[in-house]
Structures are given as C-alpha cells and as structure tokens.
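Enquirer: My structure file my_file_9.cif, mmCIF, C-alpha atoms and all ligand atoms, is below:
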data_target
#
loop_
_atom_site.label_atom_id
_atom_site.label_comp_id
_atom_site.auth_asym_id
_atom_site.auth_seq_id
_atom_site.Cartn_x
_atom_site.Cartn_y
_atom_site.Cartn_z
CA MET A 1 -62.10 38.91 71.62
CA ASN A 2 -58.94 40.89 72.29
CA SER A 3 -56.31 41.68 74.87
CA ASP A 4 -57.10 45.33 75.51
CA TRP A 5 -57.94 44.57 79.13
CA ASN A 6 -54.30 43.60 79.67
CA LYS A 7 -52.64 46.47 77.81
CA ASP A 8 -51.79 48.42 80.92
CA LEU A 9 -52.06 45.67 83.50
CA LYS A 10 -49.39 43.53 81.79
CA VAL A 11 -50.27 40.39 83.69
CA THR A 12 -48.07 37.59 82.33
CA PHE A 13 -49.09 34.09 81.29
CA THR A 14 -47.54 30.79 80.33
CA VAL A 15 -49.35 27.72 79.04
CA GLN A 16 -49.19 24.03 79.81
CA ASP A 17 -49.33 21.75 76.75
CA PRO A 18 -51.42 18.81 77.98
CA CYS A 19 -49.75 15.50 76.95
CA GLN A 20 -53.13 14.10 76.08
CA LEU A 21 -54.00 16.91 73.70
CA VAL A 22 -50.59 17.60 72.16
CA ARG A 23 -47.99 14.80 72.22
CA LYS A 24 -50.51 11.95 72.46
CA SER A 25 -53.07 13.07 69.92
CA LEU A 26 -53.01 16.20 67.75
CA GLY A 27 -49.33 17.12 67.97
CA ASP A 28 -47.59 20.44 67.39
CA PRO A 29 -50.33 21.97 65.18
CA ILE A 30 -52.78 22.03 68.10
CA ALA A 31 -50.05 23.49 70.31
CA GLU A 32 -49.80 26.33 67.79
CA ASP A 33 -53.58 26.79 67.82
CA LEU A 34 -53.45 26.94 71.60
CA ARG A 35 -50.80 29.68 71.48
CA PHE A 36 -52.80 31.57 68.87
CA VAL A 37 -55.80 31.70 71.21
CA VAL A 38 -53.76 32.44 74.32
CA LYS A 39 -51.89 35.31 72.66
CA ALA A 40 -55.13 36.75 71.31
CA VAL A 41 -56.60 36.72 74.80
CA VAL A 42 -53.68 37.94 76.92
CA GLY A 43 -51.58 39.85 74.39
CA GLU A 44 -48.51 38.46 72.66
CA GLU A 45 -46.16 40.60 74.74
CA ASN A 46 -47.59 39.11 77.93
CA PHE A 47 -47.06 35.50 76.95
CA ILE A 48 -43.97 33.58 78.06
CA ASP A 49 -43.45 30.02 76.84
CA MET A 50 -41.94 27.44 79.14
CA THR A 51 -39.10 25.24 77.89
CA PRO A 52 -39.23 22.55 76.62
CA ASN A 53 -42.72 22.81 75.21
CA ARG A 54 -45.25 21.53 72.67
CA SER A 55 -44.73 17.82 71.87
CA ASN A 56 -41.58 17.79 73.98
CA ASN A 57 -43.29 19.17 77.05
CA PHE A 58 -42.93 17.50 80.43
CA CYS A 59 -46.00 15.81 81.85
CA CYS A 60 -47.29 17.69 84.90
CA GLY A 61 -47.58 14.46 86.87
CA GLY A 62 -51.37 14.53 87.17
CA GLY A 63 -51.90 12.08 84.33
CA GLY A 64 -52.42 8.34 84.23
CA GLY A 65 -54.50 8.44 87.39
CA PHE A 66 -51.63 9.77 89.52
CA LEU A 67 -53.92 12.30 91.22
CA GLN A 68 -56.13 9.52 92.53
CA SER A 69 -53.69 6.67 93.08
CA GLY A 70 -52.75 7.57 96.63
CA PHE A 71 -49.04 8.37 96.16
CA PRO A 72 -49.05 12.14 96.77
CA GLU A 73 -45.35 12.33 97.64
CA ALA A 74 -44.32 10.51 94.50
CA ARG A 75 -46.72 12.61 92.47
CA ARG A 76 -45.18 15.83 93.76
CA TYR A 77 -41.66 14.51 93.23
CA TYR A 78 -42.67 13.79 89.65
CA GLY A 79 -44.23 17.24 89.26
CA ARG A 80 -41.25 19.14 90.63
CA ILE A 81 -39.83 19.51 87.09
CA LYS A 82 -43.08 21.04 85.91
CA PHE A 83 -43.25 23.35 88.90
CA GLU A 84 -39.74 24.65 88.23
CA GLN A 85 -40.47 25.06 84.55
CA ILE A 86 -43.44 27.29 85.33
CA ASP A 87 -41.67 29.09 88.14
CA GLN A 88 -38.74 29.97 85.89
CA THR A 89 -40.97 31.71 83.36
CA GLY A 90 -41.86 34.13 86.15
CA ALA A 91 -45.40 34.24 84.75
CA ASP A 92 -48.25 35.33 87.01
CA TYR A 93 -50.55 32.65 85.60
CA CYS A 94 -50.24 29.20 84.10
CA ILE A 95 -53.07 28.39 81.73
CA THR A 96 -54.03 24.74 82.06
CA PRO A 97 -56.40 23.53 79.35
CA CYS A 98 -56.84 20.07 80.92
CA HIS A 99 -58.55 19.00 84.09
CA ASN A 100 -55.72 16.90 85.44
CA CYS A 101 -53.08 19.49 84.62
CA HIS A 102 -55.16 22.15 86.32
CA ALA A 103 -55.54 20.16 89.53
CA GLN A 104 -51.91 19.03 89.66
CA ILE A 105 -50.37 22.40 88.80
CA HIS A 106 -52.63 24.08 91.34
CA ASP A 107 -51.64 21.56 94.00
CA MET A 108 -47.93 22.02 93.33
CA LYS A 109 -48.22 25.76 93.57
CA GLU A 110 -49.68 25.31 97.05
CA HIS A 111 -47.18 22.62 98.02
CA TYR A 112 -43.98 24.22 96.76
CA GLY A 113 -45.10 27.76 97.45
CA GLY A 114 -45.17 29.13 93.91
CA LYS A 115 -46.39 32.58 93.04
CA TYR A 116 -48.39 31.67 89.94
CA HIS A 117 -52.10 30.86 89.69
CA SER A 118 -53.43 28.03 87.55
CA VAL A 119 -56.41 28.91 85.45
CA HIS A 120 -58.65 27.33 82.81
CA LEU A 121 -58.55 28.70 79.28
CA TRP A 122 -62.31 29.24 79.22
CA THR A 123 -62.02 31.58 82.21
CA LEU A 124 -59.65 33.85 80.32
CA ILE A 125 -61.64 33.78 77.10
CA CYS A 126 -64.67 35.01 79.03
CA LEU A 127 -62.57 37.54 80.92
CA SER A 128 -61.31 39.05 77.69
CA LEU A 129 -64.85 39.14 76.32
CA GLY A 130 -66.04 41.00 79.40
CA ILE A 131 -68.56 38.28 80.24
CA LEU A 132 -66.93 36.62 83.23
CA GLY A 133 -69.20 36.78 86.27
CA GLU A 134 -68.28 37.17 89.90
CA ASN A 135 -68.70 33.53 90.84
CA GLU A 136 -66.56 32.32 87.96
CA ARG A 137 -63.31 33.77 89.29
CA THR A 138 -62.26 31.18 91.86
CA TYR A 139 -58.89 30.59 90.24
CA LEU A 140 -58.03 34.18 89.50
CA GLY A 141 -55.69 36.03 91.82
CA PRO A 142 -56.50 39.37 93.49
CA ASP A 143 -54.97 41.19 90.49
CA LEU A 144 -57.75 39.98 88.20
CA ALA A 145 -60.57 39.50 90.68
CA GLU A 146 -62.38 42.64 89.52
CA VAL A 147 -61.02 43.12 86.02
CA ASN A 148 -63.45 43.37 83.09
CA MET A 149 -66.33 42.30 85.33
CA LEU A 150 -69.63 41.56 83.66
CA SER A 151 -71.95 44.39 84.67
CA MET B 1 -11.93 -6.64 92.01
CA ALA B 2 -14.11 -8.42 89.50
CA SER B 3 -17.77 -7.92 90.04
CA GLN B 4 -19.90 -10.95 90.43
CA VAL B 5 -21.64 -12.31 87.39
CA ILE B 6 -25.37 -12.55 87.80
CA GLU B 7 -26.94 -15.54 86.18
CA ILE B 8 -30.52 -15.24 85.16
CA LYS B 9 -32.50 -18.42 84.91
CA ARG B 10 -35.13 -18.32 82.25
CA SER B 11 -37.77 -20.85 81.59
CA LYS B 12 -38.78 -21.74 78.05
CA GLU B 13 -42.20 -20.21 78.53
CA LYS B 14 -42.91 -16.81 77.14
CA THR B 15 -41.82 -14.01 79.41
CA PHE B 16 -44.15 -11.18 80.30
CA LYS B 17 -42.36 -8.98 77.76
CA ASP B 18 -42.94 -11.56 74.99
CA GLN B 19 -46.63 -11.64 75.84
CA VAL B 20 -46.87 -7.87 75.68
CA MET B 21 -45.02 -7.85 72.36
CA ASP B 22 -47.68 -10.14 70.92
CA LEU B 23 -50.28 -7.48 71.72
CA LEU B 24 -48.55 -4.43 70.29
CA PRO B 25 -48.07 -3.24 66.73
CA GLU B 26 -44.43 -4.03 65.83
CA GLY B 27 -44.19 -5.53 69.30
CA GLY B 28 -43.82 -1.99 70.61
CA ASN B 29 -40.17 -2.34 69.47
CA LEU B 30 -39.48 -3.70 72.94
CA ASN B 31 -36.49 -5.71 71.71
CA ALA B 32 -34.80 -2.79 70.01
CA CYS B 33 -33.42 -0.87 72.98
CA LEU B 34 -29.93 0.60 72.56
CA THR B 35 -29.71 1.37 76.29
CA CYS B 36 -28.84 4.96 75.44
CA GLY B 37 -30.78 6.29 78.41
CA LEU B 38 -32.55 9.15 76.64
CA CYS B 39 -35.85 7.90 78.01
CA SER B 40 -34.64 7.94 81.60
CA SER B 41 -32.90 11.29 81.47
CA GLY B 42 -36.11 12.97 80.30
CA CYS B 43 -38.58 11.09 82.46
CA PRO B 44 -39.93 12.83 85.56
CA ALA B 45 -40.62 9.43 87.13
CA SER B 46 -36.95 8.44 87.04
CA GLY B 47 -35.76 7.80 90.56
CA LEU B 48 -39.12 6.90 92.03
CA GLU B 49 -39.24 3.39 93.51
CA ASN B 50 -35.55 3.08 92.60
CA MET B 51 -36.68 2.75 89.00
CA ASP B 52 -36.52 4.49 85.64
CA PRO B 53 -37.91 3.59 82.20
CA ARG B 54 -34.72 2.09 80.82
CA LYS B 55 -34.25 -0.06 83.88
CA PHE B 56 -37.88 -1.13 83.82
CA LEU B 57 -37.50 -2.20 80.20
CA ARG B 58 -34.20 -4.00 80.92
CA LEU B 59 -35.83 -5.99 83.70
CA ALA B 60 -38.61 -6.99 81.31
CA VAL B 61 -36.19 -7.91 78.54
CA LEU B 62 -34.17 -10.03 80.96
CA GLY B 63 -37.34 -11.86 81.93
CA LEU B 64 -37.25 -10.70 85.55
CA ASP B 65 -41.02 -10.75 85.55
CA ASP B 66 -41.57 -10.64 89.30
CA GLU B 67 -39.63 -7.39 89.60
CA VAL B 68 -41.52 -5.88 86.70
CA LEU B 69 -44.97 -7.03 87.70
CA ASN B 70 -44.71 -6.12 91.36
CA SER B 71 -43.10 -2.71 91.17
CA ASN B 72 -45.26 0.19 92.32
CA TRP B 73 -43.50 2.21 89.68
CA ALA B 74 -46.12 1.09 87.16
CA TRP B 75 -48.46 3.49 88.98
CA MET B 76 -45.94 6.33 88.89
CA CYS B 77 -45.25 6.41 85.20
CA THR B 78 -48.06 8.60 83.88
CA MET B 79 -47.87 7.00 80.42
CA CYS B 80 -47.17 10.49 79.08
CA GLN B 81 -45.17 9.10 76.13
CA ARG B 82 -42.36 11.61 76.39
CA CYS B 83 -39.89 8.72 76.38
CA ILE B 84 -41.26 7.45 73.06
CA TYR B 85 -40.92 10.94 71.65
CA ALA B 86 -37.25 11.00 72.66
CA CYS B 87 -36.36 7.38 71.93
CA PRO B 88 -34.33 6.73 68.75
CA MET B 89 -36.02 3.33 68.44
CA LYS B 90 -39.53 4.51 69.33
CA ILE B 91 -39.89 1.95 72.07
CA ASP B 92 -43.30 1.85 73.68
CA ILE B 93 -42.45 1.74 77.37
CA PRO B 94 -45.82 3.22 78.44
CA ALA B 95 -47.59 0.30 76.72
CA LEU B 96 -45.43 -2.04 78.77
CA VAL B 97 -46.47 -0.12 81.86
CA PHE B 98 -50.13 -0.28 80.84
CA ASN B 99 -49.92 -4.05 80.59
CA VAL B 100 -48.25 -4.29 83.98
CA ARG B 101 -51.16 -2.39 85.47
CA ASN B 102 -53.49 -4.75 83.67
CA ARG B 103 -51.86 -7.74 85.38
CA TRP B 104 -52.24 -6.37 88.89
CA PRO B 105 -55.01 -8.20 90.74
CA LYS B 106 -57.98 -5.86 90.99
CA GLU B 107 -57.95 -5.94 94.78
CA ASN B 108 -54.33 -4.74 94.90
CA GLN B 109 -54.71 -1.88 92.47
CA PRO B 110 -54.69 1.62 93.98
CA LYS B 111 -58.11 2.04 95.55
CA GLY B 112 -58.62 5.59 94.29
CA ILE B 113 -58.35 4.42 90.71
CA ARG B 114 -60.08 1.05 91.02
CA GLY B 115 -62.94 2.49 93.06
CA SER B 116 -63.49 5.30 90.57
CA CYS B 117 -63.50 2.82 87.69
CA GLU B 118 -66.20 0.75 89.37
CA MET B 119 -68.21 3.68 90.67
CA ALA B 120 -68.86 4.78 87.07
CA PHE B 121 -71.21 1.80 86.65
CA LYS B 122 -73.42 2.63 89.61
CA ASN B 123 -75.41 5.00 87.42
CA GLU B 124 -75.86 5.37 83.70
CA THR B 125 -74.16 8.73 84.04
CA CYS B 126 -70.69 7.08 84.12
CA SER B 127 -69.80 9.48 86.92
CA ALA B 128 -66.78 8.29 88.90
CA MET B 129 -68.04 10.45 91.75
CA GLY B 130 -71.38 8.67 91.76
CA ALA B 131 -73.43 11.67 90.61
CA THR B 132 -76.89 10.56 89.51
CA GLU B 133 -79.03 11.79 86.63
CA GLU B 134 -81.16 13.74 89.12
CA ASP B 135 -78.13 15.40 90.77
CA TRP B 136 -76.83 16.38 87.37
CA ARG B 137 -80.09 17.79 86.01
CA PHE B 138 -80.67 19.70 89.21
CA VAL B 139 -77.28 21.34 89.42
CA VAL B 140 -77.17 22.33 85.74
CA GLU B 141 -80.62 23.88 85.85
CA ASP B 142 -79.97 25.56 89.20
CA VAL B 143 -76.74 27.19 88.03
CA ALA B 144 -78.23 28.22 84.68
CA GLU B 145 -81.19 29.81 86.41
CA GLU B 146 -78.99 31.79 88.74
CA VAL B 147 -77.00 33.13 85.79
CA ARG B 148 -80.19 34.10 83.97
CA ASP B 149 -81.46 35.93 87.05
CA THR B 150 -78.30 37.78 87.95
CA GLN B 151 -76.11 38.30 84.90
CA PRO B 152 -77.09 41.00 82.39
CA GLY B 153 -76.92 39.86 78.79
CA PHE B 154 -77.51 36.24 79.76
CA GLU B 155 -81.21 36.41 80.58
CA ASN B 156 -81.79 33.67 78.01
CA LEU B 157 -78.75 31.49 78.69
CA GLN B 158 -79.55 27.82 78.20
CA ALA B 159 -77.69 24.69 79.22
CA PRO B 160 -79.79 22.26 77.14
CA MET B 161 -80.36 18.75 78.43
CA ASP B 162 -81.23 15.80 76.15
CA LYS B 163 -81.91 17.99 73.16
CA LYS B 164 -82.46 15.54 70.34
CA GLY B 165 -80.56 16.12 67.13
CA ALA B 166 -78.24 18.77 68.56
CA HIS B 167 -74.98 18.97 66.64
CA PHE B 168 -72.66 18.80 69.66
CA PHE B 169 -72.96 16.51 72.65
CA LEU B 170 -70.88 18.12 75.39
CA ASN B 171 -69.65 16.03 78.28
CA GLN B 172 -68.32 17.23 81.61
CA ASN B 173 -65.90 16.00 84.22
CA SER B 174 -67.88 15.12 87.36
CA ARG B 175 -65.73 17.38 89.45
CA GLU B 176 -67.50 20.44 88.10
CA PRO B 177 -71.13 19.64 88.87
CA VAL B 178 -70.16 17.97 92.15
CA THR B 179 -67.61 20.38 93.63
CA GLU B 180 -67.40 23.60 91.60
CA PRO B 181 -70.51 24.04 89.44
CA ASP B 182 -69.81 27.70 88.64
CA GLU B 183 -66.81 26.56 86.60
CA MET B 184 -69.24 25.22 83.97
CA VAL B 185 -70.64 28.65 83.22
CA PRO B 186 -67.81 30.18 81.12
CA MET B 187 -68.10 27.29 78.68
CA TRP B 188 -71.88 27.75 78.38
CA LYS B 189 -71.39 31.44 77.71
CA ILE B 190 -68.87 30.81 74.96
CA LEU B 191 -71.17 28.25 73.31
CA ASP B 192 -74.08 30.66 73.64
CA LEU B 193 -72.12 33.53 72.14
CA VAL B 194 -71.04 31.58 69.06
CA GLY B 195 -74.57 30.19 68.63
CA ALA B 196 -73.51 26.55 68.93
CA ASP B 197 -76.20 23.90 68.64
CA TRP B 198 -75.27 21.78 71.64
CA THR B 199 -76.68 19.66 74.43
CA TYR B 200 -75.75 17.81 77.56
CA GLY B 201 -77.11 14.30 78.03
CA SER B 202 -78.68 13.02 81.21
CA LYS B 203 -76.91 9.70 80.54
CA GLY B 204 -73.25 9.13 79.77
CA TRP B 205 -72.30 12.75 80.44
CA ALA B 206 -69.34 12.18 82.76
CA ALA B 207 -66.10 12.67 80.85
CA GLU B 208 -63.80 10.64 83.08
CA ASN B 209 -62.99 6.95 82.59
CA TYR B 210 -60.74 5.58 85.32
CA CYS B 211 -60.87 2.07 83.93
CA LEU B 212 -58.24 3.26 81.48
CA PHE B 213 -55.91 4.02 84.37
CA CYS B 214 -56.29 0.60 85.95
CA ALA B 215 -55.88 -0.86 82.46
CA ASP B 216 -59.11 -2.80 82.77
CA THR B 217 -59.81 -2.98 79.06
CA GLU B 218 -63.17 -4.71 79.41
CA MET B 219 -64.59 -2.21 81.87
CA TRP B 220 -63.03 0.62 79.88
CA GLU B 221 -64.86 -0.52 76.77
CA LYS B 222 -68.10 -0.94 78.66
CA ASN B 223 -67.81 2.64 79.91
CA VAL B 224 -67.08 3.99 76.42
CA ARG B 225 -70.02 2.07 74.94
CA ILE B 226 -72.47 3.57 77.44
CA LYS B 227 -71.24 7.02 76.47
CA ALA B 228 -71.33 6.31 72.73
CA LYS B 229 -74.89 5.03 73.05
CA ALA B 230 -75.94 8.19 74.89
CA VAL B 231 -74.63 10.29 72.01
CA ASP B 232 -76.27 8.06 69.40
CA ASP B 233 -79.60 8.00 71.23
CA LEU B 234 -79.75 11.77 70.98
CA ALA B 235 -78.65 11.59 67.33
CA CYS B 236 -75.83 14.07 67.97
CA LYS B 237 -73.08 14.33 65.38
CA VAL B 238 -70.10 15.37 67.45
CA LEU B 239 -69.02 14.44 70.95
CA LEU B 240 -67.14 17.30 72.57
CA ASN B 241 -64.92 15.88 75.24
CA THR B 242 -64.05 18.62 77.70
CA GLU B 243 -61.08 16.87 79.19
S1 LIG C 1 -34.48 5.91 74.79
FE1 LIG C 1 -35.14 4.03 73.75
S2 LIG C 1 -33.26 3.08 73.05
FE2 LIG C 1 -32.67 4.62 74.57
S3 LIG C 1 -32.59 3.47 76.51
FE3 LIG C 1 -34.64 4.31 76.36
S4 LIG C 1 -35.87 2.69 75.41
FE4 LIG C 1 -33.70 2.19 75.05
S1 LIG C 2 -44.40 7.47 79.66
FE1 LIG C 2 -43.70 6.87 81.69
S2 LIG C 2 -41.61 6.21 81.38
FE2 LIG C 2 -42.19 7.40 79.58
S3 LIG C 2 -41.51 9.50 80.05
FE3 LIG C 2 -43.65 9.34 80.66
S4 LIG C 2 -43.58 8.78 82.83
FE4 LIG C 2 -41.54 8.36 81.98
#
The structure in this file should be written as structure tokens.
Expert:
Amino acid sequence: MNSDWNKDLKVTFTVQDPCQLVRKSLGDPIAEDLRFVVKAVVGEENFIDMTPNRSNNFCCGGGGGFLQSGFPEARRYYGRIKFEQIDQTGADYCITPCHNCHAQIHDMKEHYGGKYHSVHLWTLICLSLGILGENERTYLGPDLAEVNMLS
Amino acid sequence: MASQVIEIKRSKEKTFKDQVMDLLPEGGNLNACLTCGLCSSGCPASGLENMDPRKFLRLAVLGLDDEVLNSNWAWMCTMCQRCIYACPMKIDIPALVFNVRNRWPKENQPKGIRGSCEMAFKNETCSAMGATEEDWRFVVEDVAEEVRDTQPGFENLQAPMDKKGAHFFLNQNSREPVTEPDEMVPMWKILDLVGADWTYGSKGWAAENYCLFCADTEMWEKNVRIKAKAVDDLACKVLLNTE
C-alpha cells in the first residue's frame, strides 16, 4: 500500500475523528493510527488536518440518533461548525471512518454547497492498492473516478 | 432598576438531578459546576431550543424538572462528550441528557429513533431497516458473485456466511446491504488480501442499535444479547464492529 497514485495528482484530504472511536473510546492513540494509515494512503504532503482535532474534535452532528430524529434544520445548524472546519482546510476530500459521520458530512456538503467529497477509508485503501472496482466509486469525485482502476 | 428575584419552590422529594446522580459513578459530578461556560462555548448544540449545556445543567440543579424533562434539546445534544473533555470538573452532562431521553414516554420520542429501535426485533438480524436473514444472504451472495465474475484477481473472493469457528465475526450497518451493497466490497477485498479468517452471521449481523439513542436500556440490552449470542453460537473470538 502506498501513495504513488497521488504523487502527481496531489488530491488533498482531511480526516474526521469520529467521537465514538476517538474521544469516547480509544482516545488520541487511535487518532494517531488513523493518521498513519491516511498518510500512507494519500501521501503525507497531501494531508491537511482540521482544527481542533483528535480528542478535541467537534462532533459532526450525525451522532446520538440526530440523523434519524426528524430535526434536520437543527442537525444542520449543529453541523455548521464541522462544515466550516472541513471547508477551511480546502481539502478535496474528507475521509469519514464512521457511518454517521459519512452520512452527515455528505449531507452538509450538499446543503451548504461545499466543494469536498466525503469518502470511506476502505474506499481509499482499495484505491491505493489498485483493487477498487468501478461500482465501488460512488463517493469519489470525477477527479478520482478512473484513477488506479482495477483492470 | 433592580431585577426581580425569582423564587424557586422545591419539594422535599428528590429532584430529577438527584435521581440521575444516584445512577452515575461519582454522581456524574453534577453538583460540581463552576458555571465557567467552557462546555457551552464549545458545544455545537448551544443555541438550539434556546438552550446550551450549562443552562441545561443549571435548570436540573435548580430542580426545574419540567423544563429539563420536556425540552426537545435532549434530542439535539449528540452526547458527543466534548463538554466533558473541556470541563474542569468533568461533569457528565451527556449522561444527564441520556437520562432525560430515558424519561420521555415512548410514544413521544422521535419516531425515527423509536421506530428503528423496535424494528430491530422484527427479525433475529437486529436490522433497524427490517432486513431479513433471506434478504441479507441473497444480497451478500449476489454481490460477491458479481465481483467474482467481473473483477480480475478476485475470482475466488468469498464473503463467508455462518462459518463456524472463524476468528472474526464482522457485522454490517443495514444501510449497506439495503441501499448501497457495493460499498461492502472494499472491506471484503481488504480482508481477503490480508488472509483474515472471518465470517458474517445470518443472525445478529446488523451493527446499529437505536435503542441506545432512545435510552431504552432494557431494549438496548436485549439487542446486544441477541448479537452476542450470534457471535457465541458461531464460536467466533472477535466481533468486528464496522461502525
Ligand atoms: S464546563 Fe463544567 S464547570 Fe464549566 S459550566 Fe460547563 S459543566 Fe460547569
Ligand atoms: S455532549 Fe451534548 S452538551 Fe456536551 S458538547 Fe456534545 S452536544 Fe454539547
């Protein structure tokens, strides 16, 4: 696994620290592990951290059942901080290693008109390994739609 | 102009906050607030429903139980625990919120959450989207077969089901098999590549548990026990929770 595919492309990435994984369970060490993997996959020079991060990260607003509770306006008000955090990194992609984060961050991009894409970590691992198939690219933007295609 | 003094009448009975304190280790430190406001300034839910975490705690401490128990804000705090992280006294406001949710009559709880909690018991799959064992088996096998037929290098890709004694029991959020099955494939490929000894289960495979969100501790436990039994029945050593 390496980041050669992104050497010339220079597509940039940030990462969401899921509350459930980091602050609420395994703490900063797992946040470091997450960055280790992300940097290995996308290239250290193409990674931009959002601030604050790790255990001090803001919740995306998809947690606690907020995505299903029927208060979409409140949920997006809550998530505005997260949206701006991601937006200010200028990254092309936000990696979201949690189901709720993925759905919420994707929704806010649509709602607030962001330029980033939200993508699962497993998608990028497979992309870097050259084993990501055509049907597994739903959340990739046009810039990566064809890159390192399994053939 | 002097502002009016508000008198709060308190009965001798335990307030809601006292009852919650009885449940929490160290009482969740709910009496130790310095009113510094660090929690509120770093909480994305501040301002919703004219509420913020410090205010919510103050209302509880003052015994204004009706305000606390009836505020929709309990559904807008995501229980993310950032306030605890920031709080000098480590006050467990999200646990207070959890217990408020717990007190809401079931029929008044947000339907999306309540319904998903109950739906999980329609099948032994625990799927909040109501996916059955048959749906699940079919979609996994269908997707795996398509990968085997069309993707070079993965002619032998397996997504094992009910493989007894496998080391890892992998679960899956229902959203994938139900709405975007192809999203399961990258994970299978990674497991295949590293030679992991893993399996899905036809029972208890759905990762989600909405009973946690409506703070229904009994139903939550019931859900967890079904899942634990599914793992034990297959004699798997490790449950890999994908969420
Ligand atoms: S951060 Fe802690 S001490 Fe400060 S107001 Fe909030 S609950 Fe009270
Ligand atoms: S747990 Fe609730 S009150 Fe505390 S920071 Fe998160 S949303 Fe705000």
Enquirer: With all atoms listed in the file as the basis for distance, which of B:Gly42, B:Gly112, B:Gly28, B:Gly63 is at the shortest distance from chain A?
Expert: B:Gly112
Enquirer: Just the residues within 6 Å of Phe13 (chain A), please, counting all atoms listed in the file, with nothing from its chain fewer than 4 positions along; format it as a PyMOL selection string.
Expert: chain A and resi 47+91-94
Enquirer: Using all atoms listed in the file - which residues lie no farther than 12 Å from the point (-48.4, 6.4, 98.9) in the file's frame? Write them as a PyMOL selection string.
Expert: (chain A and resi 66-77) or (chain B and resi 48-49+72-73+75-76+110-112)
Enquirer: Any chance you could tabulate, as CSV, the residues of chain B at most 6 Å from ligand LIG 1 (chain C) with each one's nearest atom pair and distance in Å to one decimal, using only C-alpha atoms and all ligand atoms, in chain and rising number order?
Expert:
residue,atom,partner,partner_atom,distance
B:Cys33,CA,C:LIG1,FE4,3.7
B:Leu34,CA,C:LIG1,S2,4.2
B:Thr35,CA,C:LIG1,S3,3.6
B:Cys36,CA,C:LIG1,FE2,3.9
B:Gly37,CA,C:LIG1,S3,3.9
B:Leu38,CA,C:LIG1,S1,4.2
B:Cys39,CA,C:LIG1,S1,4.0
B:Arg54,CA,C:LIG1,FE3,5.0
B:Cys87,CA,C:LIG1,S1,3.7
B:Pro88,CA,C:LIG1,FE1,5.7
B:Met89,CA,C:LIG1,S2,5.4
B:Ile91,CA,C:LIG1,S4,5.3
Enquirer: For chain B, which residue among A:Val15, A:Val22, A:Leu132, A:Leu34 is the nearest when counting only C-alpha atoms?
Expert: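 Among the listed residues, the smallest separation from chain B belongs to A:Leu132.
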Enquirer: Using all atoms listed in the file, which residue out of B:Phe98, B:Trp220, B:Trp205, B:Phe16 lies closest to ligand LIG 2 (chain C)?
Expert: B:Phe98
Enquirer: Restrict the calculation to only C-alpha atoms, then for each residue of chain A with any atom at most 7 Å from an atom of chain B give the closest atom pair and their distance in Å to one decimal, rows by chain and rising residue number, as a Markdown table.
Expert:
| residue | atom | partner | partner_atom | distance |
| --- | --- | --- | --- | --- |
| A:Cys19 | CA | B:Cys80 | CA | 6.0 |
| A:Asn56 | CA | B:Arg82 | CA | 6.7 |
| A:Cys59 | CA | B:Cys80 | CA | 6.1 |
| A:Gly61 | CA | B:Thr78 | CA | 6.6 |
| A:Gly63 | CA | B:Thr78 | CA | 5.2 |
| A:Gly64 | CA | B:Thr78 | CA | 4.4 |
| A:Gly65 | CA | B:Phe213 | CA | 5.5 |
| A:Phe66 | CA | B:Met76 | CA | 6.7 |
| A:Gln68 | CA | B:Gly112 | CA | 5.0 |
| A:Ser69 | CA | B:Gly112 | CA | 5.2 |
| A:Gly70 | CA | B:Gly112 | CA | 6.6 |
| A:Ala74 | CA | B:Leu48 | CA | 6.8 |
| A:Tyr78 | CA | B:Pro44 | CA | 5.0 |
| A:Ile81 | CA | B:Pro44 | CA | 6.9 |
| A:Cys98 | CA | B:Glu243 | CA | 5.6 |
| A:His99 | CA | B:Glu243 | CA | 5.9 |
| A:Trp122 | CA | B:Pro186 | CA | 5.9 |
| A:Thr123 | CA | B:Pro186 | CA | 6.1 |
| A:Cys126 | CA | B:Pro186 | CA | 6.1 |
| A:Leu132 | CA | B:Pro186 | CA | 6.8 |
| A:Asn135 | CA | B:Asp182 | CA | 6.3 |
| A:Glu136 | CA | B:Asp182 | CA | 5.7 |
| A:Ser151 | CA | B:Pro152 | CA | 6.6 |
Enquirer: For the atom pair CA of Gly43 (chain A) and CA of Ser3 (chain A), what is the interatomic distance in Å to one decimal place?
Expert: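 Separating CA of Gly43 (chain A) from CA of Ser3 (chain A) is a distance of 5.1 Å.
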Enquirer: I'd like the neighbourhood of region 143-148 of chain A as JSON, numbers by chain, where a residue qualifies if any of its atoms comes within 7 Å (using all atoms listed in the file), though same-chain residues fewer than 3 positions away should be ignored.
Expert: {"A": [5, 127, 130, 137, 140]}
Enquirer: To one decimal place in Å, what is the distance between CA of Thr12 (chain A) and CA of Asn241 (chain B)?
Expert: 28.4 Å
Enquirer: Please list as a short mmCIF file (atom, residue, chain, number, x, y, z; two decimals) with C-alpha atoms, in the coordinates of the input every residue within 9 Å of region 105-109 of chain A, counting only C-alpha atoms and excluding residues in the same chain fewer than 5 positions away.
Expert:
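Listing of part-v5.cif after writing:
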data_model
loop_
_atom_site.label_atom_id
_atom_site.label_comp_id
_atom_site.auth_asym_id
_atom_site.auth_seq_id
_atom_site.Cartn_x
_atom_site.Cartn_y
_atom_site.Cartn_z
CA CYS A 60 -47.29 17.69 84.90
CA GLY A 61 -47.58 14.46 86.87
CA GLY A 62 -51.37 14.53 87.17
CA ARG A 76 -45.18 15.83 93.76
CA GLY A 79 -44.23 17.24 89.26
CA ARG A 80 -41.25 19.14 90.63
CA LYS A 82 -43.08 21.04 85.91
CA PHE A 83 -43.25 23.35 88.90
CA CYS A 94 -50.24 29.20 84.10
CA THR A 96 -54.03 24.74 82.06
CA ASN A 100 -55.72 16.90 85.44
CA GLY A 114 -45.17 29.13 93.91
CA LYS A 115 -46.39 32.58 93.04
CA TYR A 116 -48.39 31.67 89.94
CA HIS A 117 -52.10 30.86 89.69
CA SER A 118 -53.43 28.03 87.55
CA VAL A 119 -56.41 28.91 85.45
#
Enquirer: Set the distance at 8 Å and use only C-alpha atoms: which residues neighbour region 230-235 of chain B once local chain neighbours fewer than 4 positions away are removed? I'd like the list as a list in words.
Expert: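 Listed by chain and then number, they are Asp162, Lys163, Lys164, Gly165, Ala166, Phe169, Gly201, Lys203, Gly204, Ile226 and Leu239 of chain B.
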Enquirer: Quick check, in Å to one decimal: how far apart do CA of Asp92 (chain B) and CA of Ile8 (chain B) lie?
Expert: 24.2 Å
Enquirer: Name the residues within 12 Å of (-50.5, 26.6, 71.4), counting all atoms listed in the file in the file's coordinates, and put them as a PyMOL selection string.
Expert: chain A and resi 14-18+21-22+26-40+47-50+53-55+57+95-97+121
Enquirer: So, counting all atoms listed in the file, which residue among B:Pro160, B:Lys17, B:Lys55, B:Leu23 is closest to ligand LIG 2 (chain C)?
Expert: B:Lys55
Enquirer: Between A:Gln20, A:Asp8, A:Ala103, A:Ile131, which residue has the minimum interatomic distance to ligand LIG 2 (chain C), considering all atoms listed in the file?
Expert: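 Among A:Gln20, A:Asp8, A:Ala103, A:Ile131, it is A:Gln20 that comes nearest to ligand LIG 2 (chain C).
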